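Dropping entry16.cif in here (mmCIF, C-alpha atoms):
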data_work
loop_
_atom_site.label_atom_id
_atom_site.label_comp_id
_atom_site.auth_asym_id
_atom_site.auth_seq_id
_atom_site.Cartn_x
_atom_site.Cartn_y
_atom_site.Cartn_z
CA LYS A 1 9.98 25.57 5.66
CA ASN A 2 12.74 25.88 3.10
CA GLU A 3 13.39 22.44 1.63
CA GLN A 4 16.29 21.75 -0.70
CA LEU A 5 17.48 18.65 -2.46
CA PRO A 6 21.12 17.68 -1.89
CA THR A 7 23.53 19.45 -4.24
CA GLY A 8 23.64 17.89 -7.71
CA SER A 9 20.39 15.95 -7.28
CA ILE A 10 17.92 15.49 -10.11
CA LEU A 11 14.33 14.59 -9.36
CA ILE A 12 12.55 12.53 -12.03
CA ALA A 13 8.91 11.68 -11.43
CA ASP A 14 6.92 9.25 -13.54
CA ALA A 15 3.77 7.24 -12.99
CA PRO A 16 3.91 4.40 -15.50
CA GLY A 17 1.59 1.43 -15.35
CA PHE A 18 4.19 -1.30 -15.31
CA GLY A 19 2.76 -4.39 -16.97
CA ALA A 20 -0.37 -2.58 -18.16
CA GLU A 21 -1.91 -4.44 -21.09
CA GLY A 22 -1.20 -2.76 -24.41
CA LEU A 23 1.15 -0.21 -22.86
CA ALA A 24 4.49 -2.02 -23.03
CA ILE A 25 6.30 1.26 -23.71
CA ARG A 26 5.68 2.17 -20.09
CA ASP A 27 7.68 -0.89 -19.07
CA ASP A 28 10.62 0.61 -20.97
CA VAL A 29 10.45 3.75 -18.83
CA VAL A 30 10.49 1.68 -15.65
CA SER A 31 13.31 -0.48 -17.02
CA LEU A 32 15.44 2.58 -17.75
CA LEU A 33 14.85 4.12 -14.33
CA SER A 34 15.45 0.74 -12.67
CA TYR A 35 18.75 0.37 -14.51
CA LEU A 36 19.87 3.81 -13.35
CA ALA A 37 18.77 3.16 -9.78
CA SER A 38 20.56 -0.22 -9.71
CA GLU A 39 23.81 0.80 -11.43
CA GLU A 40 26.66 0.85 -8.90
CA GLY A 41 27.84 4.37 -9.76
CA LEU A 42 24.35 5.86 -9.58
CA ARG A 43 22.78 3.76 -6.84
CA GLY A 44 23.39 6.37 -4.17
CA VAL A 45 21.98 9.15 -6.33
CA VAL A 46 18.91 7.64 -7.98
CA ARG A 47 16.11 6.53 -5.71
CA MET A 48 12.77 5.04 -6.69
CA ALA A 49 9.37 5.39 -5.08
CA PHE A 50 6.79 2.73 -5.94
CA ILE A 51 3.05 2.90 -5.55
CA HIS A 52 1.75 -0.67 -5.40
CA LYS A 53 -1.89 -1.71 -5.42
CA SER A 54 -2.68 -4.17 -2.65
CA GLY A 55 -3.46 -7.59 -4.07
CA GLN A 56 -1.69 -6.86 -7.38
CA GLN A 57 -0.54 -10.06 -9.05
CA ALA A 58 2.69 -11.36 -7.55
CA SER A 59 4.18 -12.37 -10.93
CA LEU A 60 4.08 -8.76 -12.11
CA MET A 61 5.82 -7.51 -8.99
CA ALA A 62 8.38 -10.31 -9.23
CA ARG A 63 9.35 -9.03 -12.69
CA LEU A 64 9.67 -5.51 -11.31
CA ASN A 65 11.61 -6.66 -8.24
CA GLU A 66 14.18 -8.33 -10.51
CA LYS A 67 14.81 -4.99 -12.17
CA VAL A 68 15.20 -3.00 -8.95
CA ALA A 69 16.79 -5.56 -6.63
CA LYS A 70 19.77 -3.30 -5.83
CA ALA A 71 17.98 0.05 -6.00
CA GLN A 72 17.08 2.25 -3.05
CA LYS A 73 13.30 1.96 -2.89
CA LEU A 74 10.46 3.54 -0.99
CA ILE A 75 7.21 1.61 -1.38
CA PHE A 76 3.66 2.67 -0.60
CA VAL A 77 0.71 0.29 -0.91
CA THR A 78 -2.74 1.61 -1.85
CA HIS A 79 -6.30 0.25 -2.07
CA VAL A 80 -5.87 -2.09 0.89
CA ASP A 81 -9.19 -0.84 2.30
CA GLN A 82 -10.90 -2.22 -0.82
CA THR A 83 -8.88 -5.43 -0.70
CA TYR A 84 -9.80 -5.99 2.96
CA GLU A 85 -13.49 -5.18 2.46
CA ASN A 86 -13.84 -7.32 -0.68
CA THR A 87 -11.97 -10.24 0.88
CA PHE A 88 -14.10 -10.10 4.03
CA ALA A 89 -17.35 -9.79 2.06
CA GLY A 90 -16.33 -12.75 -0.12
CA ILE A 91 -15.68 -14.92 2.93
CA VAL A 92 -19.04 -13.95 4.48
CA GLU A 93 -20.86 -14.71 1.21
CA GLU A 94 -19.18 -18.11 0.93
CA LYS A 95 -20.19 -18.98 4.49
CA LYS A 96 -23.76 -17.86 3.79
CA GLN A 97 -23.96 -20.12 0.75
CA ASN A 98 -22.63 -23.02 2.83
CA LYS A 99 -25.11 -22.14 5.60
CA ASP A 100 -22.16 -21.85 7.99
CA MET A 101 -23.79 -19.57 10.58
CA ALA A 102 -21.21 -20.49 13.22
CA GLY A 103 -18.47 -19.38 10.82
CA ILE A 104 -20.21 -16.05 10.20
CA GLU A 105 -20.66 -15.54 13.93
CA ALA A 106 -16.95 -16.23 14.47
CA LEU A 107 -16.13 -13.48 11.94
CA MET A 108 -17.81 -10.98 14.24
CA GLN A 109 -14.79 -11.40 16.55
CA GLN A 110 -11.95 -9.03 15.74
CA GLU A 111 -9.32 -11.71 16.28
CA GLU A 112 -10.84 -13.78 13.47
CA ARG A 113 -10.78 -10.76 11.19
CA ARG A 114 -7.17 -10.13 12.18
CA LYS A 115 -6.28 -13.44 10.49
CA ILE A 116 -7.83 -12.21 7.23
CA ALA A 117 -5.89 -8.94 7.46
CA GLN A 118 -2.69 -10.85 8.17
CA ARG A 119 -3.15 -12.97 5.03
CA ILE A 120 -3.52 -9.79 2.96
CA LYS A 121 -0.40 -8.28 4.54
CA ASP A 122 1.53 -11.50 3.95
CA GLU A 123 0.51 -11.50 0.27
CA ASP A 124 1.52 -7.85 -0.14
CA ARG A 125 4.81 -8.51 1.64
CA LYS A 126 5.51 -11.48 -0.64
CA SER A 127 4.63 -9.50 -3.80
CA LEU A 128 6.93 -6.68 -2.75
CA ASN A 129 9.74 -9.02 -1.70
CA LEU A 130 9.87 -7.48 1.78
CA LYS A 131 11.79 -9.06 4.63
CA PRO A 132 9.89 -11.19 7.19
CA GLY A 133 8.22 -8.89 9.71
CA GLU A 134 8.68 -5.82 7.48
CA ASP A 135 5.26 -4.25 7.04
CA PRO A 136 4.25 -2.39 3.88
CA ASN A 137 3.60 1.36 4.11
CA TYR A 138 -0.16 1.43 3.62
CA VAL A 139 -1.79 4.62 2.35
CA CYS A 140 -5.36 5.55 1.43
CA LEU A 141 -5.81 8.97 -0.12
CA VAL A 142 -9.51 8.50 -0.94
CA GLY A 143 -12.37 6.26 0.17
CA TRP A 144 -13.37 5.06 3.61
CA GLY A 145 -9.80 4.05 4.48
CA LYS A 146 -8.51 7.62 4.22
CA HIS A 147 -6.55 8.66 7.32
CA ASP A 148 -8.68 10.67 9.76
CA ASP A 149 -6.08 13.47 9.83
CA ASP A 150 -6.59 13.96 6.08
CA LYS A 151 -10.38 14.23 6.14
CA ASP A 152 -12.22 17.54 6.08
CA GLU A 153 -15.35 18.17 8.14
CA THR A 154 -17.71 17.01 5.39
CA GLU A 155 -15.79 13.75 4.91
CA ARG A 156 -15.89 13.07 8.64
CA ILE A 157 -19.68 13.47 8.73
CA MET A 158 -20.77 12.25 5.31
CA GLY A 159 -17.77 10.39 3.88
CA PRO A 160 -17.89 6.86 2.48
CA SER A 161 -18.22 3.93 4.86
CA PRO A 162 -17.44 0.23 4.48
CA LYS A 163 -20.28 -2.24 4.02
CA PHE A 164 -19.49 -3.65 7.47
CA PRO A 165 -19.02 -0.71 9.91
CA PHE A 166 -16.48 -2.50 12.13
CA LEU A 167 -14.04 -2.79 9.21
CA LYS A 168 -13.06 0.87 9.65
CA ASP A 169 -11.71 0.28 13.17
CA ASP A 170 -10.12 -2.99 12.01
CA PHE A 171 -8.41 -1.16 9.18
CA ASN A 172 -6.74 1.37 11.46
CA VAL A 173 -5.65 -1.34 13.91
CA PHE A 174 -4.43 -3.95 11.42
CA PHE A 175 -3.00 -1.86 8.58
CA LYS A 176 -2.05 1.41 10.31
CA PRO A 177 -2.42 3.62 7.21
CA LYS A 178 -0.07 6.60 6.89
CA SER A 179 -1.36 10.16 6.79
CA ILE A 180 -0.35 12.58 4.05
CA LYS A 181 1.95 14.28 6.55
CA GLU A 182 3.65 10.95 7.35
CA ILE A 183 3.99 10.12 3.63
CA ARG A 184 5.57 13.52 3.00
CA GLU A 185 8.03 13.15 5.88
CA MET A 186 9.01 9.62 4.82
CA THR A 187 9.51 10.71 1.21
CA LEU A 188 11.63 13.74 2.10
CA ALA A 189 13.78 11.68 4.47
CA PHE A 190 14.19 8.97 1.83
CA MET A 191 15.34 11.57 -0.71
CA GLY A 192 17.75 13.14 1.76
CA VAL A 193 15.95 16.48 1.67
CA GLN A 194 16.99 18.90 4.37
CA ALA A 195 14.11 20.85 5.93
CA THR A 196 15.25 24.15 7.43
#
Rendering of file as structure tokens:
Amino acid sequence: KNEQLPTGSILIADAPGFGAEGLAIRDDVVSLLSYLASEEGLRGVVRMAFIHKSGQQASLMARLNEKVAKAQKLIFVTHVDQTYENTFAGIVEEKKQNKDMAGIEALMQQEERRKIAQRIKDEDRKSLNLKPGEDPNYVCLVGWGKHDDDKDETERIMGPSPKFPFLKDDFNVFFKPKSIKEIREMTLAFMGVQAT
């Protein structure tokens, strides 16, 4: 394929840790790019792609959302496999400590686990300031949540697994992670790249 950016386009890529402790200079980079992406004359030219960690503090994202409210944004959310596994394990541990065996047994039903996944999605949606019903674009490039299409033969046989085996199926059903191919296609379309 021969892929070309629209005439006159400039691609700027940066991976700053916005809000990272002790690295305030990175916030300046994001602020500058956010200003360019939000400025009326440049809004149609400058686009921003965000990589957001699932469960990241909402206050940090609220600060970032203020800066990019008018910008054209493409958002991907990572680490949701870890967030889901850790949240589920925490709930199981709490029920064990409370000797709530009926509660643990209920968690063996997928519909009960769906409620946990929905809470995580709602929190991510709130942090990202998404519209009601608008699901985040979940991606997992490593770990047990990695899309099956992106795994090699060794990863399929010997790759990492969640502590609770059923979480893998849950993850694909509840979060519908994107493959690398899907991420690529979404990104190119977002940037207005013509594939010929």
With all atoms listed in the file as the counted atoms, please give the residues lying no more than 9 Å from Asp149 of chain A, apart from itself and same-chain residues fewer than 2 positions off, as a CSV table (one decimal) with C-alpha atoms, keeping the file's coordinate frame.
chain,number,residue,atom,x,y,z
A,146,LYS,CA,-8.5,7.6,4.2
A,147,HIS,CA,-6.6,8.7,7.3
A,151,LYS,CA,-10.4,14.2,6.1
A,152,ASP,CA,-12.2,17.5,6.1
A,179,SER,CA,-1.4,10.2,6.8
A,180,ILE,CA,-0.4,12.6,4.0
A,181,LYS,CA,2.0,14.3,6.6
Using all atoms listed in the file, pick whichever of A:Met158, A:Lys73, A:Thr87, A:Lys178 has the shortest atom-to-atom distance to Leu130 of chain A.
A:Lys73
Result set of the PyMOL selection byres ((chain A and resi 134) around 12) on the coordinates above, as a CSV table (one decimal) with C-alpha atoms, in the frame of the given file:
chain,number,residue,atom,x,y,z
A,75,ILE,CA,7.2,1.6,-1.4
A,121,LYS,CA,-0.4,-8.3,4.5
A,122,ASP,CA,1.5,-11.5,4.0
A,124,ASP,CA,1.5,-7.8,-0.1
A,125,ARG,CA,4.8,-8.5,1.6
A,126,LYS,CA,5.5,-11.5,-0.6
A,128,LEU,CA,6.9,-6.7,-2.8
A,129,ASN,CA,9.7,-9.0,-1.7
A,130,LEU,CA,9.9,-7.5,1.8
A,131,LYS,CA,11.8,-9.1,4.6
A,132,PRO,CA,9.9,-11.2,7.2
A,133,GLY,CA,8.2,-8.9,9.7
A,135,ASP,CA,5.3,-4.2,7.0
A,136,PRO,CA,4.2,-2.4,3.9
A,137,ASN,CA,3.6,1.4,4.1
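Each of A:Ala89, A:Cys140, A:Met186, A:Ala102 was checked against Val77 of chain A using only C-alpha atoms; the smallest atom-to-atom distance is that of A:Cys140.
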Report as a PyMOL selection string the full result of the PyMOL selection byres ((chain A and resi 161) around 6) when it is applied to this structure.
chain A and resi 144+160+162
Tell me which protein, DNA and RNA residues are within 9 Å of Ser54 of chain A, counting all atoms listed in the file, leaving out same-chain ones fewer than 6 positions away, and put them as a PDB file with C-alpha atoms, in the frame of the given file.
ATOM      1  CA  VAL A  77       0.710   0.290  -0.910  1.00  0.00           C
ATOM      2  CA  THR A  78      -2.740   1.610  -1.850  1.00  0.00           C
ATOM      3  CA  HIS A  79      -6.300   0.250  -2.070  1.00  0.00           C
ATOM      4  CA  VAL A  80      -5.870  -2.090   0.890  1.00  0.00           C
ATOM      5  CA  ASP A  81      -9.190  -0.840   2.300  1.00  0.00           C
ATOM      6  CA  GLN A  82     -10.900  -2.220  -0.820  1.00  0.00           C
ATOM      7  CA  THR A  83      -8.880  -5.430  -0.700  1.00  0.00           C
ATOM      8  CA  ILE A 120      -3.520  -9.790   2.960  1.00  0.00           C
ATOM      9  CA  LYS A 121      -0.400  -8.280   4.540  1.00  0.00           C
ATOM     10  CA  GLU A 123       0.510 -11.500   0.270  1.00  0.00           C
ATOM     11  CA  ASP A 124       1.520  -7.850  -0.140  1.00  0.00           C
ATOM     12  CA  TYR A 138      -0.160   1.430   3.620  1.00  0.00           C
TER      13      TYR A 138
END
Can you give me, as a ChimeraX atom specification, the residues this file yields under the PyMOL selection byres ((chain A and resi 51) around 6)?
/A:50,52,76-77
Closest of A:Met48, A:Glu112, A:Glu155, A:Ala117 to Phe190 of chain A, counting all atoms listed in the file, is A:Met48
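Across the model, the gap from atom CA of Asp170 of chain A to atom CA of Gln109 of chain A is 10.6 Å.
Atom CA of Met108 of chain A sits 13.8 Å away from atom CA of Glu85 of chain A.
Note that the spacing between atom CA of Gly143 of chain A and atom CA of Ala106 of chain A amounts to 27.0 Å.
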Just checking: using all atoms listed in the file, which residue out of A:Val193, A:Pro165, A:Ser127, A:Ile183 ends up closest to Gln56 of chain A?
A:Ser127
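Using all atoms listed in the file, the nearest neighbour of Asp150 of chain A within the list A:Met101, A:Lys96, A:Leu188, A:Pro177 is A:Pro177.
Residue nearest Arg114 of chain A within the list A:Ile157, A:Gly145, A:Tyr84, A:Gly55: A:Tyr84 [criterion: smallest interatomic distance, only C-alpha atoms].
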Around all of segment 78-82 of chain A's listed atoms, make the axis-aligned box with 3 Å on each side and tell me centre and edge lengths in Å to one decimal, as JSON.
{"center_x": -6.8, "center_y": -0.3, "center_z": 0.1, "size_x": 14.2, "size_y": 9.8, "size_z": 10.4}
